[in-house]
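File shown: final-v4.tsv (TSV, C-alpha atoms).
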```tsv
chain	number	residue	atom	x	y	z
P	14	MET	CA	17.26	38.25	-31.47
P	15	VAL	CA	16.72	36.82	-28.02
P	16	ASP	CA	18.56	33.66	-27.15
P	17	VAL	CA	16.37	30.98	-25.63
P	18	VAL	CA	18.09	29.16	-22.80
P	19	ALA	CA	16.86	25.65	-22.25
P	20	ALA	CA	16.01	24.65	-18.72
P	21	PRO	CA	18.70	22.48	-17.17
P	22	ARG	CA	17.97	18.79	-17.29
P	23	PRO	CA	17.38	17.17	-13.89
P	24	VAL	CA	20.16	14.92	-12.64
P	25	MET	CA	17.70	12.02	-12.68
P	26	SER	CA	14.54	11.44	-14.69
P	27	ILE	CA	11.07	11.15	-13.16
P	28	GLY	CA	11.20	7.40	-13.74
P	29	ARG	CA	14.56	6.96	-12.02
P	30	VAL	CA	13.64	9.19	-9.07
P	31	SER	CA	10.37	7.27	-8.70
P	32	PHE	CA	12.16	3.91	-8.82
P	33	PHE	CA	14.78	4.77	-6.21
P	34	GLY	CA	12.26	6.67	-4.10
P	35	ALA	CA	9.99	3.63	-3.96
P	36	LEU	CA	12.93	1.30	-3.36
P	37	LEU	CA	14.20	3.31	-0.39
P	38	ILE	CA	10.80	4.00	1.13
P	39	ALA	CA	9.73	0.36	0.76
P	40	ILE	CA	12.39	-0.94	3.17
P	41	GLY	CA	10.45	0.42	6.15
P	42	PRO	CA	6.92	-0.90	5.52
P	43	ILE	CA	8.07	-4.20	4.00
P	44	SER	CA	10.25	-4.90	7.04
P	45	MET	CA	7.20	-4.18	9.15
P	46	THR	CA	4.53	-6.11	7.26
P	47	LEU	CA	6.74	-9.08	6.36
P	48	TYR	CA	7.32	-9.57	10.08
P	49	SER	CA	3.71	-9.29	11.26
P	50	PRO	CA	2.58	-12.91	10.55
P	51	ALA	CA	5.44	-14.19	12.74
P	52	MET	CA	4.43	-12.21	15.83
P	53	THR	CA	2.13	-14.85	17.30
P	54	SER	CA	4.72	-17.58	16.60
P	55	ILE	CA	7.42	-15.59	18.42
P	56	VAL	CA	5.21	-15.45	21.53
P	57	GLU	CA	5.35	-19.26	21.67
P	58	ALA	CA	8.93	-19.71	20.44
P	59	MET	CA	10.44	-17.35	23.02
P	60	GLY	CA	8.03	-18.15	25.83
P	61	THR	CA	7.04	-14.52	26.22
P	62	THR	CA	3.85	-12.46	26.21
P	63	GLU	CA	1.85	-10.76	23.47
P	64	ALA	CA	2.67	-7.38	25.05
P	65	MET	CA	6.43	-8.01	24.77
P	66	VAL	CA	6.13	-9.11	21.14
P	67	LYS	CA	4.04	-6.04	20.35
P	68	LEU	CA	6.96	-4.03	21.73
P	69	THR	CA	9.17	-5.47	18.98
P	70	MET	CA	6.96	-3.54	16.57
P	71	THR	CA	6.78	-0.44	18.76
P	72	SER	CA	10.57	-0.42	19.19
P	73	TYR	CA	10.95	-0.48	15.41
P	74	TYR	CA	8.76	2.62	15.20
P	75	ALA	CA	10.80	4.32	17.93
P	76	GLY	CA	14.10	3.79	16.12
P	77	PHE	CA	12.52	4.83	12.83
P	78	ALA	CA	11.04	8.00	14.31
P	79	PHE	CA	14.02	9.40	16.21
P	80	ALA	CA	16.67	8.57	13.59
P	81	GLN	CA	14.81	10.72	11.06
P	82	LEU	CA	15.80	13.82	13.02
P	83	LEU	CA	19.41	13.11	12.03
P	84	ALA	CA	19.10	11.37	8.66
P	85	GLY	CA	17.84	14.42	6.78
P	86	PRO	CA	20.27	17.02	8.17
P	87	ILE	CA	23.19	14.62	7.74
P	88	SER	CA	22.21	14.11	4.10
P	89	ASP	CA	21.92	17.90	3.64
P	90	ALA	CA	25.49	18.23	4.95
P	91	LEU	CA	27.22	15.16	3.48
P	92	GLY	CA	25.12	14.30	0.42
P	93	ARG	CA	22.28	11.84	-0.15
P	94	ARG	CA	24.06	8.74	-1.50
P	95	GLY	CA	26.72	8.14	1.13
P	96	VAL	CA	24.40	8.80	4.06
P	97	THR	CA	21.76	6.49	2.63
P	98	ALA	CA	24.34	3.72	2.24
P	99	GLY	CA	25.44	4.13	5.86
P	100	PHE	CA	21.92	3.87	7.20
P	101	ILE	CA	21.12	0.81	5.10
P	102	GLY	CA	24.28	-0.77	6.53
P	103	LEU	CA	22.88	-0.13	10.02
P	104	PHE	CA	19.61	-1.77	8.96
P	105	LEU	CA	21.53	-4.86	7.83
P	106	PHE	CA	23.40	-5.02	11.15
P	107	GLY	CA	20.13	-4.83	13.10
P	108	THR	CA	18.64	-7.54	10.90
P	109	LEU	CA	21.52	-9.90	11.75
P	110	ILE	CA	20.94	-9.29	15.47
P	111	CYS	CA	17.25	-10.15	15.04
P	112	LEU	CA	18.18	-13.30	13.14
P	113	VAL	CA	20.27	-14.72	15.99
P	114	ALA	CA	18.34	-13.19	18.91
P	115	PRO	CA	18.11	-15.69	21.82
P	116	SER	CA	15.49	-13.67	23.71
P	117	VAL	CA	12.74	-11.17	23.07
P	118	GLU	CA	14.85	-8.43	24.71
P	119	ILE	CA	17.64	-8.92	22.14
P	120	LEU	CA	15.02	-9.07	19.39
P	121	ILE	CA	13.67	-5.71	20.55
P	122	ALA	CA	17.20	-4.25	20.41
P	123	GLY	CA	17.67	-5.57	16.87
P	124	ARG	CA	14.34	-4.11	15.81
P	125	VAL	CA	15.42	-0.70	17.15
P	126	LEU	CA	18.53	-0.84	14.96
P	127	GLN	CA	16.42	-1.93	11.99
P	128	GLY	CA	14.18	1.08	12.50
P	129	LEU	CA	17.18	3.40	12.82
P	130	GLY	CA	18.59	2.13	9.53
P	131	ALA	CA	15.32	2.09	7.60
P	132	SER	CA	14.51	5.68	8.57
P	133	ALA	CA	16.88	7.18	6.00
P	134	GLY	CA	15.01	5.60	3.12
P	135	ALA	CA	11.81	7.50	3.85
P	136	VAL	CA	13.52	10.81	4.69
P	137	ILE	CA	16.10	10.93	1.93
P	138	SER	CA	13.78	9.74	-0.83
P	139	ARG	CA	11.44	12.66	-0.13
P	140	ALA	CA	14.41	15.04	-0.02
P	141	VAL	CA	15.68	13.72	-3.36
P	142	ILE	CA	12.28	14.37	-4.93
P	143	ARG	CA	12.34	17.93	-3.54
P	144	ASP	CA	15.93	18.38	-4.83
P	145	VAL	CA	14.95	17.56	-8.40
P	146	PHE	CA	11.25	18.36	-8.86
P	147	GLU	CA	8.51	20.57	-7.40
P	148	GLY	CA	4.80	21.34	-7.72
P	149	ASP	CA	2.59	18.87	-9.58
P	150	ASP	CA	5.68	17.04	-10.89
P	151	SER	CA	6.59	16.29	-7.28
P	152	SER	CA	3.02	15.19	-6.50
P	153	ARG	CA	3.02	12.88	-9.53
P	154	ILE	CA	6.21	11.23	-8.32
P	155	MET	CA	4.78	10.87	-4.82
P	156	ASN	CA	1.73	9.23	-6.36
P	157	LEU	CA	3.80	6.93	-8.57
P	158	ILE	CA	5.88	5.93	-5.57
P	159	GLY	CA	2.63	5.17	-3.76
P	160	ILE	CA	1.57	2.86	-6.56
P	161	ILE	CA	4.90	1.05	-6.57
P	162	LEU	CA	5.05	1.05	-2.80
P	163	ALA	CA	1.61	-0.53	-2.46
P	164	VAL	CA	2.77	-3.65	-4.28
P	165	GLY	CA	5.55	-4.60	-1.85
P	166	PRO	CA	3.69	-4.22	1.46
P	167	ALA	CA	0.60	-5.81	-0.10
P	168	PHE	CA	2.39	-9.07	-0.75
P	169	ALA	CA	4.83	-8.90	2.17
P	170	PRO	CA	2.43	-10.42	4.77
P	171	THR	CA	1.56	-13.20	2.32
P	172	LEU	CA	5.24	-13.84	1.62
P	173	GLY	CA	6.01	-13.61	5.34
P	174	ALA	CA	3.31	-16.17	6.11
P	175	LEU	CA	4.65	-18.57	3.47
P	176	ILE	CA	8.22	-18.17	4.73
P	177	LEU	CA	6.98	-18.73	8.28
P	178	SER	CA	5.13	-21.92	7.28
P	179	PHE	CA	8.18	-23.51	5.66
P	180	TRP	CA	11.22	-22.21	7.55
P	181	GLY	CA	10.15	-20.55	10.79
P	182	TRP	CA	10.18	-16.98	12.06
P	183	GLN	CA	13.96	-16.46	11.73
P	184	SER	CA	13.70	-16.86	7.95
P	185	THR	CA	11.78	-13.59	7.70
P	186	PHE	CA	14.95	-11.81	8.80
P	187	VAL	CA	17.01	-13.73	6.25
P	188	PHE	CA	14.71	-12.30	3.58
P	189	MET	CA	15.02	-8.79	5.05
P	190	PHE	CA	18.82	-9.06	4.96
P	191	LEU	CA	18.78	-10.12	1.30
P	192	MET	CA	16.33	-7.31	0.47
P	193	GLY	CA	18.46	-4.69	2.21
P	194	THR	CA	21.59	-5.92	0.44
P	195	ALA	CA	19.87	-5.72	-2.96
P	196	VAL	CA	18.64	-2.17	-2.27
P	197	LEU	CA	22.13	-1.09	-1.19
P	198	VAL	CA	23.76	-2.49	-4.33
P	199	ALA	CA	21.12	-0.97	-6.63
P	200	MET	CA	21.47	2.43	-4.97
P	201	LEU	CA	25.26	2.47	-5.19
P	202	VAL	CA	25.12	1.51	-8.88
P	203	GLY	CA	22.26	3.63	-10.20
P	204	MET	CA	21.38	6.50	-7.84
P	205	ARG	CA	23.00	9.87	-8.51
P	206	GLU	CA	23.83	12.56	-5.97
P	207	THR	CA	21.19	15.32	-5.93
P	208	ALA	CA	22.48	17.51	-3.08
P	209	PRO	CA	26.13	18.67	-3.06
P	210	PRO	CA	27.68	18.43	0.42
P	211	ASP	CA	27.15	21.49	2.63
P	212	ARG	CA	29.14	20.53	5.72
P	213	PRO	CA	28.77	23.86	7.61
P	214	SER	CA	24.99	23.31	7.68
P	215	PHE	CA	25.40	20.35	10.03
P	216	ARG	CA	26.75	22.47	12.89
P	217	LEU	CA	24.54	22.17	15.95
P	218	ALA	CA	23.50	25.84	16.13
P	219	PRO	CA	22.20	26.14	12.52
P	220	LEU	CA	20.57	22.71	12.82
P	221	LEU	CA	18.65	23.68	15.96
P	222	THR	CA	17.77	27.05	14.44
P	223	ASN	CA	16.38	25.40	11.31
P	224	TYR	CA	14.34	22.97	13.38
P	225	GLY	CA	13.08	25.96	15.35
P	226	VAL	CA	12.00	27.68	12.13
P	227	LEU	CA	10.10	24.58	11.07
P	228	ILE	CA	8.44	23.83	14.39
P	229	ARG	CA	7.17	27.42	14.61
P	230	ASN	CA	5.80	27.35	11.08
P	231	ARG	CA	2.07	26.70	11.42
P	232	SER	CA	1.67	25.72	7.77
P	233	PHE	CA	4.37	23.06	8.16
P	234	LEU	CA	2.73	21.70	11.30
P	235	ALA	CA	-0.73	21.65	9.73
P	236	THR	CA	0.28	19.75	6.59
P	237	THR	CA	2.47	17.37	8.59
P	238	THR	CA	-0.43	16.62	10.95
P	239	VAL	CA	-2.70	15.77	8.02
P	240	VAL	CA	-0.27	13.13	6.79
P	241	ALA	CA	0.59	12.02	10.34
P	242	GLY	CA	-3.01	11.02	10.90
P	243	ALA	CA	-3.04	8.91	7.75
P	244	VAL	CA	0.36	7.34	8.48
P	245	GLY	CA	-0.52	6.71	12.12
P	246	ILE	CA	-3.47	4.57	11.07
P	247	PHE	CA	-1.19	2.30	9.03
P	248	TYR	CA	1.21	1.78	11.93
P	249	ALA	CA	-1.56	1.10	14.43
P	250	GLN	CA	-3.07	-1.44	12.05
P	251	SER	CA	0.27	-3.18	11.58
P	252	THR	CA	0.57	-3.62	15.34
P	253	LEU	CA	-3.02	-4.71	15.99
P	254	LEU	CA	-4.28	-6.63	12.96
P	255	PRO	CA	-2.26	-9.82	13.64
P	256	PHE	CA	-3.93	-10.07	17.05
P	257	VAL	CA	-7.37	-9.14	15.70
P	258	LEU	CA	-7.38	-11.47	12.70
P	259	MET	CA	-5.36	-14.38	14.11
P	260	GLY	CA	-5.96	-14.02	17.84
P	261	ARG	CA	-9.61	-12.92	17.90
P	262	ILE	CA	-11.07	-14.14	14.59
P	263	GLY	CA	-8.92	-17.28	14.46
P	264	MET	CA	-7.23	-17.02	11.06
P	265	SER	CA	-4.05	-19.00	10.42
P	266	ALA	CA	-0.78	-17.27	9.51
P	267	GLY	CA	-1.30	-18.18	5.85
P	268	GLU	CA	-4.87	-16.90	5.85
P	269	PHE	CA	-3.72	-13.71	7.53
P	270	GLY	CA	-1.03	-13.16	4.91
P	271	ILE	CA	-3.48	-13.55	2.05
P	272	GLY	CA	-6.14	-11.54	3.85
P	273	MET	CA	-3.84	-8.54	4.23
P	274	LEU	CA	-3.86	-8.13	0.45
P	275	LEU	CA	-7.16	-6.32	0.87
P	276	GLN	CA	-5.54	-3.58	2.96
P	277	TRP	CA	-2.81	-2.70	0.48
P	278	GLY	CA	-5.05	-3.48	-2.49
P	279	GLY	CA	-7.25	-0.61	-1.33
P	280	TYR	CA	-4.26	1.72	-1.26
P	281	PHE	CA	-3.09	0.55	-4.68
P	282	ALA	CA	-6.55	1.14	-6.19
P	283	GLY	CA	-6.68	4.60	-4.62
P	284	ALA	CA	-3.27	5.52	-6.00
P	285	ILE	CA	-4.33	4.46	-9.50
P	286	VAL	CA	-7.48	6.59	-9.28
P	287	VAL	CA	-5.48	9.56	-8.00
P	288	ARG	CA	-3.04	9.24	-10.89
P	289	ARG	CA	-5.89	9.43	-13.39
P	290	LEU	CA	-7.56	12.40	-11.69
P	291	MET	CA	-4.49	14.44	-10.79
P	292	ASP	CA	-3.91	15.91	-14.25
P	293	ARG	CA	-7.55	16.97	-14.48
P	294	VAL	CA	-8.18	18.60	-11.12
P	295	GLY	CA	-4.76	18.90	-9.43
P	296	ALA	CA	-3.43	16.96	-6.47
P	297	MET	CA	-4.69	19.33	-3.76
P	298	ALA	CA	-8.32	19.04	-4.91
P	299	LEU	CA	-8.24	15.30	-4.15
P	300	VAL	CA	-7.31	15.61	-0.48
P	301	LEU	CA	-10.78	16.52	0.82
P	302	PRO	CA	-12.55	13.62	-0.96
P	303	GLY	CA	-9.86	11.30	0.38
P	304	LEU	CA	-10.37	12.45	3.95
P	305	LEU	CA	-14.15	12.05	3.60
P	306	ILE	CA	-13.62	8.46	2.45
P	307	VAL	CA	-11.28	7.83	5.40
P	308	SER	CA	-13.87	9.24	7.80
P	309	LEU	CA	-16.61	7.04	6.33
P	310	ALA	CA	-14.40	3.97	6.66
P	311	SER	CA	-13.68	4.78	10.30
P	312	VAL	CA	-17.40	5.03	11.04
P	313	LEU	CA	-18.05	1.67	9.33
P	314	LEU	CA	-15.32	0.11	11.49
P	315	LEU	CA	-17.45	0.92	14.55
P	316	ASN	CA	-19.62	-2.07	13.59
P	317	THR	CA	-16.96	-4.36	15.01
P	318	LEU	CA	-17.79	-3.03	18.49
P	319	ILE	CA	-21.48	-3.84	18.09
P	320	PHE	CA	-21.39	-7.16	16.26
P	321	THR	CA	-19.00	-10.09	16.49
P	322	PRO	CA	-16.01	-9.12	14.33
P	323	SER	CA	-15.31	-11.13	11.19
P	324	TYR	CA	-12.75	-10.84	8.44
P	325	LEU	CA	-15.05	-8.81	6.19
P	326	THR	CA	-16.38	-6.48	8.90
P	327	VAL	CA	-12.78	-5.63	9.80
P	328	MET	CA	-11.00	-5.63	6.46
P	329	LEU	CA	-13.59	-4.03	4.15
P	330	PRO	CA	-13.61	-0.76	6.14
P	331	ILE	CA	-9.80	-0.92	6.33
P	332	ALA	CA	-9.56	-1.38	2.55
P	333	LEU	CA	-11.81	1.67	2.09
P	334	LEU	CA	-9.70	3.59	4.60
P	335	THR	CA	-6.45	2.86	2.76
P	336	PHE	CA	-8.16	3.73	-0.54
P	337	GLY	CA	-8.94	7.19	0.85
P	338	ASN	CA	-5.46	7.62	2.33
P	339	ALA	CA	-3.95	7.33	-1.15
P	340	PHE	CA	-5.68	10.65	-2.01
P	341	VAL	CA	-4.00	12.48	0.86
P	342	GLY	CA	-0.26	11.81	0.74
P	343	PRO	CA	0.98	13.23	-2.62
P	344	ALA	CA	-0.42	16.75	-2.29
P	345	MET	CA	0.16	17.15	1.44
P	346	THR	CA	3.75	15.87	1.34
P	347	THR	CA	4.51	18.27	-1.52
P	348	ALA	CA	2.82	21.14	0.36
P	349	THR	CA	4.90	20.37	3.45
P	350	LEU	CA	8.27	20.47	1.70
P	351	ALA	CA	7.58	23.08	-1.02
P	352	PRO	CA	8.44	26.19	1.05
P	353	PHE	CA	11.82	24.79	2.18
P	354	PRO	CA	14.06	24.23	-0.85
P	355	ARG	CA	17.30	25.05	1.00
P	356	MET	CA	16.79	22.50	3.75
P	357	ALA	CA	14.66	19.81	2.17
P	358	GLY	CA	16.40	17.07	4.13
P	359	THR	CA	15.84	18.80	7.46
P	360	ALA	CA	12.20	19.50	6.66
P	361	SER	CA	11.70	15.91	5.51
P	362	SER	CA	13.34	14.68	8.73
P	363	LEU	CA	11.09	16.66	11.03
P	364	MET	CA	8.01	15.79	8.97
P	365	GLY	CA	8.88	12.11	9.15
P	366	PHE	CA	9.66	12.28	12.87
P	367	LEU	CA	6.35	13.94	13.73
P	368	GLN	CA	4.45	11.43	11.60
P	369	MET	CA	6.26	8.47	13.15
P	370	ALA	CA	5.89	9.94	16.62
P	371	ALA	CA	2.14	10.00	16.10
P	372	GLY	CA	2.21	6.40	14.91
P	373	LEU	CA	4.50	5.41	17.80
P	374	LEU	CA	2.22	7.02	20.36
P	375	VAL	CA	-0.86	5.33	18.94
P	376	SER	CA	0.77	1.91	18.55
P	377	THR	CA	2.22	2.09	22.11
P	378	PHE	CA	-1.17	2.76	23.67
P	379	ALA	CA	-2.73	0.17	21.36
P	380	SER	CA	-0.20	-2.48	22.40
P	381	LEU	CA	-1.17	-1.95	26.06
P	382	ALA	CA	-4.90	-2.37	25.40
P	383	SER	CA	-6.40	-5.69	26.44
P	384	ASP	CA	-8.94	-5.64	23.58
P	385	PRO	CA	-7.21	-5.33	20.18
P	386	VAL	CA	-10.52	-4.72	18.36
P	387	LEU	CA	-11.38	-1.74	20.55
P	388	ALA	CA	-7.84	-0.42	20.18
P	389	LEU	CA	-8.00	-0.73	16.38
P	390	VAL	CA	-11.27	1.17	16.18
P	391	ALA	CA	-10.15	3.90	18.60
P	392	ALA	CA	-6.87	4.42	16.73
P	393	SER	CA	-8.55	4.56	13.32
P	394	VAL	CA	-11.29	7.00	14.38
P	395	GLY	CA	-8.91	9.20	16.38
P	396	MET	CA	-6.24	9.52	13.69
P	397	SER	CA	-8.83	10.14	10.97
P	398	ALA	CA	-10.35	12.96	13.01
P	399	MET	CA	-6.89	14.47	13.55
P	400	SER	CA	-6.21	14.53	9.79
P	401	CYS	CA	-9.57	16.12	9.00
P	402	LEU	CA	-9.20	18.87	11.61
P	403	ALA	CA	-5.64	19.69	10.50
P	404	PHE	CA	-6.62	19.88	6.84
P	405	THR	CA	-9.57	22.17	7.65
P	406	TYR	CA	-7.20	24.50	9.52
P	407	TYR	CA	-4.65	24.42	6.69
P	408	ARG	CA	-7.17	25.28	3.97
P	409	LEU	CA	-8.67	28.10	6.00
P	410	LYS	CA	-5.35	29.70	6.96
P	411	PHE	CA	-2.64	28.71	4.49
P	412	ARG	CA	-4.14	27.74	1.15
P	413	ARG	CA	-1.70	30.07	-0.66
P	414	VAL	CA	1.45	29.03	1.20
P	415	GLU	CA	2.87	27.23	-1.84
P	416	VAL	CA	2.62	30.43	-3.89
P	417	ASN	CA	4.10	32.69	-1.22
P	418	PRO	CA	6.62	30.58	0.72
P	419	PRO	CA	8.00	31.93	4.01
P	420	LEU	CA	11.52	33.23	4.39
P	421	ILE	CA	13.92	30.35	4.93
P	422	LEU	CA	17.20	30.53	6.79
P	423	ARG	CA	20.25	30.34	4.59
P	424	SER	CA	23.07	28.03	5.46
P	425	PRO	CA	26.62	29.47	5.59
P	426	ALA	CA	27.39	27.74	2.30
P	427	ASP	CA	24.77	29.84	0.52
P	428	ASP	CA	26.66	33.09	1.11
```
Final structure tokens representation of the file:
Amino acid sequence: MVDVVAAPRPVMSIGRVSFFGALLIAIGPISMTLYSPAMTSIVEAMGTTEAMVKLTMTSYYAGFAFAQLLAGPISDALGRRGVTAGFIGLFLFGTLICLVAPSVEILIAGRVLQGLGASAGAVISRAVIRDVFEGDDSSRIMNLIGIILAVGPAFAPTLGALILSFWGWQSTFVFMFLMGTAVLVAMLVGMRETAPPDRPSFRLAPLLTNYGVLIRNRSFLATTTVVAGAVGIFYAQSTLLPFVLMGRIGMSAGEFGIGMLLQWGGYFAGAIVVRRLMDRVGAMALVLPGLLIVSLASVLLLNTLIFTPSYLTVMLPIALLTFGNAFVGPAMTTATLAPFPRMAGTASSLMGFLQMAAGLLVSTFASLASDPVLALVAASVGMSAMSCLAFTYYRLKFRRVEVNPPLILRSPADD
């Protein structure tokens, strides 16, 4: 008689991983979108220029991007929970600096620290998912996180506009501080450790070697580029839409906050559709339709260069674009991390850095453009094209990479 050995139970359920994954990831985009209605008010309050205030958003991206290179490897070496707590503490410190900032230069410094602290949420949540689940289970969690995540950023501009109307721009940072504190407490109480410490892996030589393995892996670069194009569009929109909708079209802060519901509503609807279709056709089969929808939306956005832009001519294509983006993320994020089980944090870090670097580059050039409408269209079309080309390359060259993963370097602790 053969004994049947039950598979070990995961340290956290799908529901718990999804909850904490969404909670940690949400810090970044909520801190970004909650702040956006206040950008035009800060120009007046601090007696500065639109370009300088746009840099408060760009500086947030910069901190977010570069800190990811350390957040993942540190969590591989020291464990997920403690490292996450430390980074959230840094986010809270940066938020306090923003709250009391007497000048736009100090505000920029505080936003850099906020970005540094928020980076761990995105990196470590993906690593936790890879620690516990893989394959379609991982894609389902990524999709569920997308659904949960769409709710917060969807209402954050509206909430930010209401807070701004009653209490002024500093109150948005009070809310961010309370949010960060709540996330920290919830994580310390309910999140379990999914990666035992592996301190030798954080030595500089193995770390650089592992990054070298990743950066030379063409499959990793292709899948990362697909998602980077989709993510870059979001960041460019966050920088430019306040100046398009309020500066060019003339919407008030309150109208802008309500109007932004259409952007994240499109993503939420797309995530719901993906969840229903994923079990039938698989997550990977949905990427191509999603990219086609994104491409169509980018073409429709070209109308704003021909006709006088209005709320609907700007936001309807953007809603369609975010709807299509929801089809892309779950499968491509899973495909990026799947071949690297022994260094999920490091792979998640580099993936996040490259995605944020793309968004940072686009938002930096966009912030320097004199015409925000032209910048918005150029960023959307360019990043969409980048995603489509990268996905075409991936499917032609590496469609079986998940089945036959490449050889991964072992850390000293594995021996």
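Distances here use only C-alpha atoms; by that measure, the residue among P:Arg143, P:Arg124, P:Arg288, P:Arg153 closest to Gly28 in chain P is P:Arg153.
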- Which of these residues is nearest to Val198 in chain P, using all atoms listed in the file: P:Pro255, P:Gly278, P:Gly173, P:Gly102? P:Gly102
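Minimum atom-to-atom distances from P:Thr326, P:Asn230, P:Thr53, P:Ser361 to Ala84 in chain P were compared using only C-alpha atoms, and the lowest value belongs to P:Ser361.
Between CA of Val239 in chain P and CA of Gly303 in chain P the interatomic distance comes to 11.4 Å.
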- Message: Please list, as a PyMOL selection string, the residues that have an atom at most 10 Å away from (21.2, -0.5, 15.5) in the coordinates of this file, counting all atoms listed in the file.
- Response: chain P and resi 76+100+102-108+110+122-130
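The shortest atom-to-atom distance to Val327 in chain P, with only C-alpha atoms taken into account, belongs to P:Leu253 out of P:Leu253, P:Phe378, P:Gly365, P:Leu304.
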- Name all residues at most 8 Å from Trp182 in chain P (count all atoms listed in the file; drop same-chain ones fewer than 4 positions away) and give them as a PyMOL selection string. chain P and resi 51+54-55+176-177+186
Since we have the selection now, will you write its residues out, keeping C-alpha atoms, as a tab-separated table (two decimals), keeping the file's coordinate frame?
```
chain	number	residue	atom	x	y	z
P	51	ALA	CA	5.44	-14.19	12.74
P	54	SER	CA	4.72	-17.58	16.60
P	55	ILE	CA	7.42	-15.59	18.42
P	176	ILE	CA	8.22	-18.17	4.73
P	177	LEU	CA	6.98	-18.73	8.28
P	186	PHE	CA	14.95	-11.81	8.80
```
